[in-house]
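> This is the content of final_20.txt (compact mmCIF, C-alpha atoms and all ligand atoms):
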```txt
# COMPACT_ATOMS: atom_id res chain seq x y z
CA ASP A 29 -79.35 -197.97 68.51
CA LEU A 30 -77.19 -195.43 70.25
CA LEU A 31 -74.92 -198.09 71.56
CA SER A 32 -74.14 -199.16 68.01
CA LEU A 33 -73.26 -195.63 66.80
CA GLU A 34 -69.70 -195.28 65.70
CA GLU A 35 -67.29 -192.42 66.05
CA GLY A 36 -68.04 -189.63 63.63
CA THR A 37 -71.65 -190.64 63.03
CA PHE A 38 -74.65 -188.76 64.30
CA CYS A 39 -77.95 -189.82 65.66
CA LEU A 40 -80.56 -189.10 63.01
CA ALA A 41 -83.26 -188.87 65.62
CA ASN A 42 -81.48 -185.81 66.99
CA LEU A 43 -82.72 -186.59 70.47
CA HIS A 44 -81.73 -184.23 73.20
CA CYS A 45 -81.39 -186.84 75.81
CA LYS A 46 -78.43 -187.31 78.08
CA HIS A 47 -77.22 -190.28 76.03
CA VAL A 48 -76.86 -188.26 72.83
CA LEU A 49 -75.45 -185.20 74.52
CA CYS A 50 -72.95 -187.33 76.33
CA PHE A 51 -71.82 -188.99 73.11
CA ALA A 52 -72.04 -186.01 70.82
CA SER A 53 -70.31 -183.48 73.04
CA GLY A 54 -67.67 -185.87 74.18
CA ALA A 55 -68.09 -184.31 77.57
CA ASP A 56 -66.35 -187.13 79.34
CA SER A 57 -63.38 -187.45 77.04
CA GLY A 58 -62.95 -183.75 76.36
CA ASN A 59 -63.70 -184.08 72.61
CA ALA A 60 -65.86 -181.30 71.20
CA LEU A 61 -68.59 -182.10 68.70
CA LYS A 62 -67.13 -181.79 65.25
CA PRO A 63 -69.08 -180.46 62.27
CA GLU A 64 -70.10 -183.13 59.81
CA THR A 65 -67.60 -181.91 57.17
CA ASP A 66 -64.74 -182.42 59.61
CA ALA A 67 -65.68 -185.95 60.39
CA PRO A 68 -62.73 -188.16 59.56
CA THR A 69 -63.19 -190.77 56.87
CA LEU A 70 -62.46 -194.03 58.53
CA SER A 71 -61.60 -197.18 56.71
CA SER A 72 -63.48 -200.21 57.85
CA HIS A 73 -60.46 -201.79 59.58
CA SER A 74 -59.80 -198.61 61.59
CA ARG A 75 -63.33 -198.36 62.77
CA ARG A 76 -63.64 -199.04 66.43
CA ARG A 77 -66.42 -198.89 68.80
CA ARG A 78 -66.30 -196.00 71.12
CA GLN A 79 -67.14 -196.36 74.74
CA LEU A 80 -70.33 -194.48 75.54
CA LYS A 81 -70.80 -193.30 79.03
CA VAL A 82 -74.48 -193.09 79.90
CA GLU A 83 -75.21 -190.83 82.82
CA TYR A 84 -77.60 -192.24 85.35
CA ASP A 85 -78.82 -190.76 88.54
CA LYS A 86 -76.78 -191.64 91.60
CA ASP A 87 -79.27 -194.29 92.65
CA GLY A 88 -78.76 -196.06 89.32
CA SER A 89 -82.20 -195.29 87.92
CA MET A 90 -82.75 -193.93 84.42
CA PRO A 91 -82.78 -190.17 84.04
CA GLN A 92 -86.25 -188.76 84.61
CA LEU A 93 -87.94 -186.35 82.25
CA LYS A 94 -89.09 -183.21 83.99
CA THR A 95 -92.85 -183.19 84.38
CA GLU A 96 -95.35 -180.54 85.39
CA PRO A 97 -96.09 -180.47 89.12
CA TRP A 98 -99.13 -182.62 89.91
CA GLU A 99 -102.41 -181.11 91.06
CA PRO A 100 -105.92 -182.57 91.19
CA PRO A 101 -107.76 -181.85 87.93
CA ARG A 102 -110.87 -180.13 89.31
CA TRP A 103 -109.68 -178.89 92.67
CA LYS A 104 -110.44 -175.23 92.03
CA THR A 105 -114.07 -175.94 91.18
CA GLN A 106 -114.36 -178.29 94.14
CA LEU A 107 -112.86 -175.65 96.43
CA GLU A 108 -115.26 -172.98 95.17
CA ASN A 109 -118.15 -175.37 95.74
CA ILE A 110 -117.02 -176.02 99.32
CA ARG A 111 -116.66 -172.28 99.92
CA ALA A 112 -120.24 -171.86 98.67
CA MET A 113 -121.50 -174.66 100.91
CA ARG A 114 -119.61 -173.14 103.86
CA SER A 115 -120.78 -169.57 103.25
CA GLY A 116 -123.29 -169.78 106.11
CA ARG A 117 -120.39 -170.24 108.59
CA ASP A 118 -122.71 -172.13 110.86
CA ALA A 119 -120.77 -175.34 111.51
CA PRO A 120 -119.69 -176.16 115.09
CA VAL A 121 -116.09 -175.25 114.22
CA ASP A 122 -117.20 -171.73 113.28
CA ASN A 123 -118.47 -170.92 116.75
CA MET A 124 -116.63 -173.36 118.98
CA GLY A 125 -113.32 -174.09 117.25
CA ALA A 126 -109.95 -173.70 118.95
CA ASP A 127 -109.70 -170.08 117.81
CA LYS A 128 -112.95 -169.24 119.64
CA CYS A 129 -112.22 -170.78 123.04
CA HIS A 130 -109.74 -168.33 124.54
CA ASP A 131 -110.40 -165.27 126.67
CA ALA A 132 -110.11 -162.30 124.30
CA ASP A 133 -109.26 -159.93 127.18
CA ALA A 134 -106.46 -162.02 128.67
CA PRO A 135 -102.77 -161.08 128.23
CA ALA A 136 -101.27 -162.30 124.92
CA HIS A 137 -99.25 -165.18 126.44
CA VAL A 138 -102.32 -166.42 128.36
CA LYS A 139 -104.41 -166.31 125.18
CA ARG A 140 -101.76 -168.38 123.40
CA PHE A 141 -101.73 -170.88 126.28
CA GLN A 142 -105.51 -171.18 126.12
CA VAL A 143 -105.36 -171.79 122.37
CA LEU A 144 -102.90 -174.62 123.00
CA VAL A 145 -105.05 -176.07 125.79
CA SER A 146 -108.19 -176.02 123.63
CA LEU A 147 -106.29 -177.76 120.84
CA MET A 148 -105.07 -180.41 123.27
CA LEU A 149 -108.59 -180.98 124.55
CA SER A 150 -110.09 -181.08 121.05
CA SER A 151 -108.47 -184.28 119.81
CA GLN A 152 -111.02 -187.11 119.61
CA THR A 153 -113.63 -184.70 120.97
CA LYS A 154 -116.55 -182.81 119.46
CA ASP A 155 -116.23 -179.03 119.32
CA GLN A 156 -119.25 -178.60 121.60
CA VAL A 157 -117.62 -180.71 124.33
CA THR A 158 -114.25 -178.96 123.97
CA SER A 159 -115.92 -175.56 124.15
CA ALA A 160 -117.85 -176.49 127.32
CA ALA A 161 -114.67 -177.81 128.98
CA MET A 162 -112.79 -174.64 128.06
CA GLN A 163 -115.52 -172.50 129.59
CA LYS A 164 -115.20 -174.40 132.87
CA LEU A 165 -111.40 -174.20 132.75
CA ARG A 166 -111.43 -170.47 132.03
CA ALA A 167 -113.85 -169.85 134.91
CA HIS A 168 -111.42 -171.79 137.13
CA GLY A 169 -108.43 -169.88 135.71
CA CYS A 170 -106.78 -171.27 132.61
CA THR A 171 -103.18 -170.14 133.09
CA VAL A 172 -99.98 -172.12 133.37
CA GLU A 173 -99.75 -171.32 137.10
CA ASN A 174 -103.36 -172.28 137.84
CA ILE A 175 -103.15 -175.56 135.96
CA LEU A 176 -100.03 -176.48 137.91
CA ALA A 177 -101.70 -175.52 141.18
CA THR A 178 -104.80 -177.62 140.46
CA ASN A 179 -104.83 -181.24 141.57
CA ASP A 180 -105.42 -183.97 138.99
CA GLU A 181 -108.86 -184.90 140.29
CA THR A 182 -110.20 -181.36 140.04
CA LEU A 183 -108.62 -180.89 136.63
CA GLY A 184 -110.26 -184.12 135.49
CA GLN A 185 -113.65 -182.90 136.69
CA LEU A 186 -113.16 -179.61 134.85
CA ILE A 187 -112.37 -181.14 131.49
CA TYR A 188 -114.65 -184.21 131.66
CA PRO A 189 -116.08 -185.60 129.30
CA VAL A 190 -113.50 -184.73 126.61
CA GLY A 191 -112.06 -187.80 124.93
CA PHE A 192 -109.21 -189.49 126.83
CA TRP A 193 -109.63 -186.97 129.64
CA ARG A 194 -107.43 -188.89 132.06
CA ASN A 195 -104.48 -188.78 129.65
CA LYS A 196 -105.19 -185.14 128.92
CA VAL A 197 -104.98 -184.28 132.62
CA LYS A 198 -101.45 -185.74 132.64
CA TYR A 199 -100.47 -183.97 129.42
CA LEU A 200 -101.82 -180.62 130.63
CA LYS A 201 -99.78 -180.88 133.83
CA LEU A 202 -96.58 -181.97 132.07
CA THR A 203 -96.95 -179.37 129.33
CA SER A 204 -97.64 -176.57 131.82
CA ALA A 205 -94.56 -177.54 133.85
CA MET A 206 -92.42 -177.53 130.70
CA LEU A 207 -93.80 -174.18 129.56
CA GLN A 208 -93.04 -172.65 132.94
CA LYS A 209 -89.55 -174.10 133.15
CA GLU A 210 -88.34 -173.70 129.56
CA PHE A 211 -90.49 -171.05 127.89
CA GLY A 212 -91.15 -168.48 130.60
CA GLY A 213 -94.85 -169.40 130.81
CA ASP A 214 -95.49 -168.77 127.10
CA ILE A 215 -95.87 -171.38 124.35
CA PRO A 216 -93.02 -172.11 121.90
CA ASP A 217 -93.10 -170.13 118.65
CA SER A 218 -91.99 -172.98 116.40
CA VAL A 219 -93.38 -176.33 115.30
CA GLU A 220 -90.23 -178.02 116.58
CA GLY A 221 -90.72 -176.51 120.03
CA LEU A 222 -94.44 -177.27 120.12
CA VAL A 223 -94.14 -180.95 119.20
CA ARG A 224 -91.72 -181.40 122.11
CA LEU A 225 -94.62 -180.73 124.48
CA PRO A 226 -96.33 -183.86 125.86
CA GLY A 227 -99.60 -184.54 124.04
CA VAL A 228 -98.89 -182.14 121.16
CA GLY A 229 -98.57 -183.60 117.65
CA PRO A 230 -97.92 -182.03 114.24
CA LYS A 231 -101.60 -181.16 113.60
CA MET A 232 -101.89 -179.24 116.87
CA ALA A 233 -98.50 -177.61 116.35
CA HIS A 234 -99.41 -176.22 112.91
CA LEU A 235 -102.80 -175.02 114.14
CA ALA A 236 -101.22 -173.42 117.22
CA MET A 237 -98.69 -171.63 115.01
CA ASP A 238 -101.53 -170.34 112.85
CA ILE A 239 -104.02 -169.34 115.58
CA ALA A 240 -101.69 -168.31 118.41
CA TRP A 241 -98.75 -166.86 116.47
CA ASP A 242 -100.49 -165.94 113.21
CA GLN A 243 -97.86 -167.86 111.25
CA VAL A 244 -98.71 -170.51 108.68
CA SER A 245 -96.19 -173.32 109.09
CA GLY A 246 -98.19 -176.20 107.60
CA ILE A 247 -101.69 -177.55 107.04
CA GLY A 248 -103.54 -178.68 110.15
CA VAL A 249 -104.88 -182.06 109.08
CA ASP A 250 -107.42 -183.65 111.38
CA THR A 251 -109.73 -186.56 110.66
CA HIS A 252 -112.09 -184.39 108.55
CA VAL A 253 -109.34 -182.93 106.35
CA HIS A 254 -107.80 -186.40 106.00
CA ARG A 255 -111.08 -188.08 105.01
CA ILE A 256 -112.33 -185.39 102.64
CA SER A 257 -108.99 -184.92 100.86
CA ASN A 258 -109.07 -188.63 100.06
CA ARG A 259 -112.70 -188.57 98.96
CA LEU A 260 -112.18 -185.59 96.67
CA GLY A 261 -109.09 -187.14 95.09
CA TRP A 262 -106.90 -184.29 96.31
CA LEU A 263 -103.99 -186.61 96.99
CA LYS A 264 -101.67 -188.09 94.42
CA LYS A 265 -102.13 -191.47 96.08
CA PRO A 266 -104.68 -192.39 98.76
CA THR A 267 -103.19 -191.88 102.21
CA LYS A 268 -103.60 -193.81 105.44
CA THR A 269 -102.72 -191.22 108.08
CA PRO A 270 -103.40 -187.49 108.59
CA GLU A 271 -99.65 -186.86 108.58
CA GLU A 272 -99.30 -188.50 105.13
CA THR A 273 -102.23 -186.38 103.97
CA ARG A 274 -100.60 -183.20 105.26
CA LYS A 275 -97.38 -183.88 103.36
CA SER A 276 -99.26 -184.82 100.20
CA LEU A 277 -101.50 -181.72 100.31
CA GLU A 278 -98.57 -179.41 100.98
CA GLU A 279 -96.89 -180.67 97.79
CA TRP A 280 -99.41 -178.95 95.54
CA LEU A 281 -101.89 -176.76 97.47
CA PRO A 282 -100.87 -173.08 97.22
CA ARG A 283 -99.49 -171.87 100.55
CA GLU A 284 -101.96 -169.01 100.81
CA LEU A 285 -104.75 -171.61 101.19
CA TRP A 286 -103.11 -173.65 103.95
CA SER A 287 -104.80 -171.78 106.75
CA GLU A 288 -108.24 -171.61 105.14
CA ILE A 289 -108.34 -175.25 104.10
CA ASN A 290 -108.51 -176.57 107.66
CA TRP A 291 -111.43 -174.35 108.60
CA LEU A 292 -113.24 -175.04 105.29
CA LEU A 293 -112.91 -178.82 105.34
CA VAL A 294 -113.56 -179.29 109.05
CA GLY A 295 -116.89 -177.46 108.79
CA PHE A 296 -117.72 -179.23 105.52
CA GLY A 297 -117.00 -182.55 107.23
CA GLN A 298 -119.20 -181.63 110.19
CA GLN A 299 -122.18 -180.64 108.04
CA VAL A 300 -122.12 -182.36 104.65
CA CYS A 301 -119.28 -184.78 103.98
CA LEU A 302 -119.96 -186.73 107.16
CA PRO A 303 -117.77 -189.71 108.09
CA VAL A 304 -120.73 -192.10 107.70
CA SER A 305 -123.61 -191.40 105.31
CA PRO A 306 -122.25 -188.22 103.72
CA LEU A 307 -125.04 -185.98 102.37
CA CYS A 308 -123.96 -186.41 98.76
CA SER A 309 -127.42 -185.60 97.40
CA VAL A 310 -127.02 -181.99 98.56
CA CYS A 311 -123.28 -181.74 97.86
CA LEU A 312 -122.23 -179.50 94.99
CA ASN A 313 -119.20 -181.72 94.44
CA HIS A 314 -121.18 -184.86 93.71
CA GLY A 315 -119.91 -186.14 90.36
CA LEU A 316 -116.78 -184.01 90.39
CA GLU A 317 -114.55 -186.60 91.94
CA THR A 318 -111.45 -187.99 90.29
CA PRO A 319 -111.11 -191.59 89.08
CA ASP A 320 -109.32 -192.58 92.26
CA ASN A 321 -112.06 -191.22 94.41
CA LEU A 322 -114.15 -193.54 96.51
CA CYS A 323 -117.30 -191.72 95.37
CA LEU A 324 -117.07 -193.10 91.85
CA PRO A 325 -119.42 -195.80 90.55
CA GLY A 326 -118.52 -199.29 91.57
CA SER A 327 -117.14 -198.30 94.93
CA ASN A 328 -118.80 -198.66 98.29
CA GLN A 329 -118.74 -194.94 98.89
CA HIS A 330 -120.67 -194.10 95.75
CA ASP A 331 -123.31 -196.69 96.51
CA LEU A 332 -123.60 -195.19 99.95
CA CYS A 333 -123.92 -191.72 98.38
CA LEU A 334 -126.77 -192.95 96.20
CA SER A 335 -128.62 -194.30 99.18
CA VAL A 336 -128.44 -190.99 101.03
CA PRO A 337 -131.53 -189.24 99.61
CA ARG A 338 -133.65 -192.11 100.89
CA LEU A 339 -131.84 -192.36 104.21
CA ILE A 340 -132.18 -188.73 105.26
CA THR A 341 -135.97 -188.95 105.13
CA LEU A 342 -136.05 -191.74 107.69
CA ASP A 343 -135.86 -191.56 111.46
CA SER A 344 -132.71 -192.78 113.21
CA ARG A 345 -133.94 -196.31 113.94
CA GLU A 346 -135.13 -196.83 110.39
CA LYS A 347 -131.93 -195.28 109.15
CA ALA A 348 -129.82 -197.69 111.19
CA GLY A 349 -131.82 -200.58 109.77
CA GLU A 350 -131.39 -199.28 106.24
CA VAL A 351 -127.66 -198.89 106.70
CA CYS A 352 -127.36 -202.43 108.08
CA PHE A 353 -129.42 -203.81 105.21
CA PHE A 354 -127.34 -201.84 102.71
CA LEU A 355 -124.05 -203.04 104.20
CA PHE A 356 -125.34 -206.63 104.20
CA GLN A 357 -126.19 -206.28 100.51
CA LYS A 358 -122.70 -204.96 99.85
CA PHE A 359 -121.25 -207.88 101.76
CA LEU A 360 -123.23 -210.38 99.65
CA THR A 361 -122.20 -208.62 96.42
CA GLN A 362 -118.57 -208.75 97.47
CA ILE A 363 -118.80 -212.44 98.28
CA SER A 364 -120.41 -213.22 94.93
CA LYS A 365 -117.70 -211.24 93.11
CA THR A 366 -114.99 -213.14 94.98
CA THR A 367 -116.68 -216.46 94.17
CA VAL A 368 -116.82 -215.57 90.48
CA LYS A 369 -113.13 -214.70 90.56
CA ILE A 370 -112.22 -217.97 92.25
CA THR A 371 -114.26 -220.08 89.84
S1 LIG B 1 -120.19 -186.15 96.99
FE1 LIG B 1 -120.45 -187.02 99.06
S2 LIG B 1 -118.47 -188.01 99.58
FE2 LIG B 1 -118.13 -186.65 97.78
S3 LIG B 1 -117.44 -184.71 98.70
FE3 LIG B 1 -119.67 -184.52 98.48
S4 LIG B 1 -120.52 -185.25 100.42
FE4 LIG B 1 -118.36 -185.89 100.34
```
Using structure tokens, write down the structure from this file.
Ligand code: SF4

Amino acid sequence: DLLSLEEGTFCLANLHCKHVLCFASGADSGNALKPETDAPTLSSHSRRRRQLKVEYDKDGSMPQLKTEPWEPPRWKTQLENIRAMRSGRDAPVDNMGADKCHDADAPAHVKRFQVLVSLMLSSQTKDQVTSAAMQKLRAHGCTVENILATNDETLGQLIYPVGFWRNKVKYLKLTSAMLQKEFGGDIPDSVEGLVRLPGVGPKMAHLAMDIAWDQVSGIGVDTHVHRISNRLGWLKKPTKTPEETRKSLEEWLPRELWSEINWLLVGFGQQVCLPVSPLCSVCLNHGLETPDNLCLPGSNQHDLCLSVPRLITLDSREKAGEVCFFLFQKFLTQISKTTVKIT
């Protein structure tokens, strides 16, 4: 209707959109909005259509209405529940995490180096294994100089059996050489500097900034934080990688929680919200998930949750059989659904 408005007429809807403002204020032509009484009386033959300039965003899309920042509907309750479930502080990460593996009496730069080393060893590795490897390394002498002076074979024996230990031997050597050459034997004090080190990614960099430098630069998202954020519906859209999850979480999660969230969710993932067969029957968040969450009825995850009370009473062999049987049932259900769709 706006496009058919003529000069001197006014939009009865009185919308405050860009279209009306643009027309009414004459911002583009320099004409000010005239009061109704001043509107010229135009004879029909002198009426002419006036060019309306509609302002679009630069990319050509329609102007967007400002909306409230998104946040998950029940995240505060879910967070409180996780805090309650984590109150015992008895998960592996609580006693053997990267912030517990350094020598408390070592000089500050050595402590920071040990934090970085434990983070590098921890990827794809259980906390217990990382902690044991760090104990052996510290007994050997976990400093930049000592790592550089140790041959690859010995270093491999010291850190074995951490995941991808052969690659980690190479990364430890390369990183130590770079630290000695470019950073005076200390670790960089920025995410940009840390991710330049071989074998150090964004997750490690943010955790190193937090633990070693006591600066919160971003959320450390590992496989637990990634999985649980998706299960709880804490992401605007489901994500595929930890890095996507980090960016999505940082869009809404208050900054003062960025440090705590890693510790909370990692321990929660180690004890309750396990990767396979999560203990939903004892989880305070069961039923509090959002519509997008995998835990909701009709999804595989929820069905798996429902089977948990029965599964945890069985021994491991029976449990494995139950899981196989359950997955086979799911497979058959899926096939029958697909067949119905096709027919
Ligand atoms: S209900 Fe189950 S899947 Fe959902 S958060 Fe709790 S343990 Fe994880």
> Between A:Gln106, A:Ser204, A:Asn290, A:Thr269, which one has atoms that come closest to Val121 in chain A, using all atoms listed in the file?
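Among the listed residues, A:Asn290 lies closest to Val121 in chain A.
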> Using only C-alpha atoms and all ligand atoms, find each residue with an atom at most 6 Å away from ligand LIG 1 (chain B) and format the answer as a list of chain:residue names.
A:Arg259, A:Leu260, A:Val300, A:Cys301, A:Pro306, A:Leu307, A:Cys308, A:Cys311, A:Asn313, A:His314, A:Cys323, A:Cys333
> Would you save the residues from that selection as an mmCIF file, keeping the file's coordinate frame, using C-alpha atoms?

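Result saved to result-v6.cif:
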```cif
data_model
loop_
_atom_site.group_PDB
_atom_site.id
_atom_site.type_symbol
_atom_site.label_atom_id
_atom_site.label_comp_id
_atom_site.auth_asym_id
_atom_site.auth_seq_id
_atom_site.Cartn_x
_atom_site.Cartn_y
_atom_site.Cartn_z
ATOM 1 C CA ARG A 259 -112.700 -188.570 98.960
ATOM 2 C CA LEU A 260 -112.180 -185.590 96.670
ATOM 3 C CA VAL A 300 -122.120 -182.360 104.650
ATOM 4 C CA CYS A 301 -119.280 -184.780 103.980
ATOM 5 C CA PRO A 306 -122.250 -188.220 103.720
ATOM 6 C CA LEU A 307 -125.040 -185.980 102.370
ATOM 7 C CA CYS A 308 -123.960 -186.410 98.760
ATOM 8 C CA CYS A 311 -123.280 -181.740 97.860
ATOM 9 C CA ASN A 313 -119.200 -181.720 94.440
ATOM 10 C CA HIS A 314 -121.180 -184.860 93.710
ATOM 11 C CA CYS A 323 -117.300 -191.720 95.370
ATOM 12 C CA CYS A 333 -123.920 -191.720 98.380
#
```
> What does the distance between CA of Arg274 in chain A and CA of Pro189 in chain A come to in Å, to one decimal place?
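The value is 28.7 Å.
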> Of the candidates A:Lys154, A:Gly212, A:Ile289, A:Met237, which shows the shortest atom-to-atom distance to Asp127 in chain A, using only C-alpha atoms?
A:Met237
> Which residues are close to Thr105 in chain A, i.e. within 12 Å by all atoms listed in the file, leaving aside same-chain residues fewer than 3 positions away? Reply as a PDB file with C-alpha atoms, keeping the file's coordinate frame.

```pdb
ATOM      1  CA  PRO A 100    -105.920-182.570  91.190  1.00  0.00           C
ATOM      2  CA  PRO A 101    -107.760-181.850  87.930  1.00  0.00           C
ATOM      3  CA  ARG A 102    -110.870-180.130  89.310  1.00  0.00           C
ATOM      4  CA  GLU A 108    -115.260-172.980  95.170  1.00  0.00           C
ATOM      5  CA  ASN A 109    -118.150-175.370  95.740  1.00  0.00           C
ATOM      6  CA  ILE A 110    -117.020-176.020  99.320  1.00  0.00           C
ATOM      7  CA  ARG A 111    -116.660-172.280  99.920  1.00  0.00           C
ATOM      8  CA  ALA A 112    -120.240-171.860  98.670  1.00  0.00           C
ATOM      9  CA  LEU A 260    -112.180-185.590  96.670  1.00  0.00           C
ATOM     10  CA  LEU A 312    -122.230-179.500  94.990  1.00  0.00           C
ATOM     11  CA  ASN A 313    -119.200-181.720  94.440  1.00  0.00           C
ATOM     12  CA  HIS A 314    -121.180-184.860  93.710  1.00  0.00           C
ATOM     13  CA  GLY A 315    -119.910-186.140  90.360  1.00  0.00           C
ATOM     14  CA  LEU A 316    -116.780-184.010  90.390  1.00  0.00           C
ATOM     15  CA  GLU A 317    -114.550-186.600  91.940  1.00  0.00           C
TER      16      GLU A 317
END
```
> By how many Å are CA of Ile215 in chain A and CA of Leu277 in chain A apart?
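Computed distance, CA of Ile215 in chain A to CA of Leu277 in chain A, equals 26.8 Å.
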> Which residue, A:Leu285, A:Pro226, A:Ser150, A:Lys196, has the smallest gap to Thr251 in chain A when you use all atoms listed in the file?
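Among A:Leu285, A:Pro226, A:Ser150, A:Lys196, it is A:Ser150 that comes nearest to Thr251 in chain A.
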> Give me, please, the distance in Å between CA of Leu222 in chain A and CA of Gly297 in chain A, quoted to one decimal.
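Pair CA of Leu222 in chain A / CA of Gly297 in chain A returns 26.5 Å.
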> Please provide the set of residues having any atom within 10 Å of Leu207 in chain A, restricted to only C-alpha atoms, with same-chain residues fewer than 5 positions apart removed, written as a ChimeraX atom specification.
/A:141,172,201-202,212-216,222,225
> Please produce a file of the residues just selected, as a short mmCIF file (atom, residue, chain, number, x, y, z; two decimals), in the coordinates of the input, where the atoms kept are C-alpha atoms.

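Saved the output as out38.cif:
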```cif
data_model
loop_
_atom_site.label_atom_id
_atom_site.label_comp_id
_atom_site.auth_asym_id
_atom_site.auth_seq_id
_atom_site.Cartn_x
_atom_site.Cartn_y
_atom_site.Cartn_z
CA PHE A 141 -101.73 -170.88 126.28
CA VAL A 172 -99.98 -172.12 133.37
CA LYS A 201 -99.78 -180.88 133.83
CA LEU A 202 -96.58 -181.97 132.07
CA GLY A 212 -91.15 -168.48 130.60
CA GLY A 213 -94.85 -169.40 130.81
CA ASP A 214 -95.49 -168.77 127.10
CA ILE A 215 -95.87 -171.38 124.35
CA PRO A 216 -93.02 -172.11 121.90
CA LEU A 222 -94.44 -177.27 120.12
CA LEU A 225 -94.62 -180.73 124.48
#
```
> Determine the nearest neighbour of Asp242 in chain A from the options A:Ala132, A:Ile187, A:Ser305, A:Arg140, counting all atoms listed in the file.
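Under the stated criterion, the closest residue is A:Arg140.
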> Please identify all polymer residues within 10 Å of Leu147 in chain A, counting only C-alpha atoms, omitting same-chain residues fewer than 2 positions from it, and present them as an NGL selection string.
:A and (125-127 or 129 or 141-145 or 149-151 or 158 or 228 or 231-233 or 235-236)
> Keeping C-alpha atoms, export the residues of the selection given above as a compact mmCIF listing (two decimals), in the frame of the given file.

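Here's the written file result.txt:
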```
# COMPACT_ATOMS: atom_id res chain seq x y z
CA GLY A 125 -113.32 -174.09 117.25
CA ALA A 126 -109.95 -173.70 118.95
CA ASP A 127 -109.70 -170.08 117.81
CA CYS A 129 -112.22 -170.78 123.04
CA PHE A 141 -101.73 -170.88 126.28
CA GLN A 142 -105.51 -171.18 126.12
CA VAL A 143 -105.36 -171.79 122.37
CA LEU A 144 -102.90 -174.62 123.00
CA VAL A 145 -105.05 -176.07 125.79
CA LEU A 149 -108.59 -180.98 124.55
CA SER A 150 -110.09 -181.08 121.05
CA SER A 151 -108.47 -184.28 119.81
CA THR A 158 -114.25 -178.96 123.97
CA VAL A 228 -98.89 -182.14 121.16
CA LYS A 231 -101.60 -181.16 113.60
CA MET A 232 -101.89 -179.24 116.87
CA ALA A 233 -98.50 -177.61 116.35
CA LEU A 235 -102.80 -175.02 114.14
CA ALA A 236 -101.22 -173.42 117.22
```
> Could you check which of A:Ala177, A:Val223, A:Leu292, A:Ile239 is closest to His130 in chain A, using only C-alpha atoms?
A:Ile239
> When distances are computed from only C-alpha atoms, which of A:Leu302, A:Asp250, A:Arg255, A:Ala161 shows the smallest separation from Gly191 in chain A?
A:Ala161
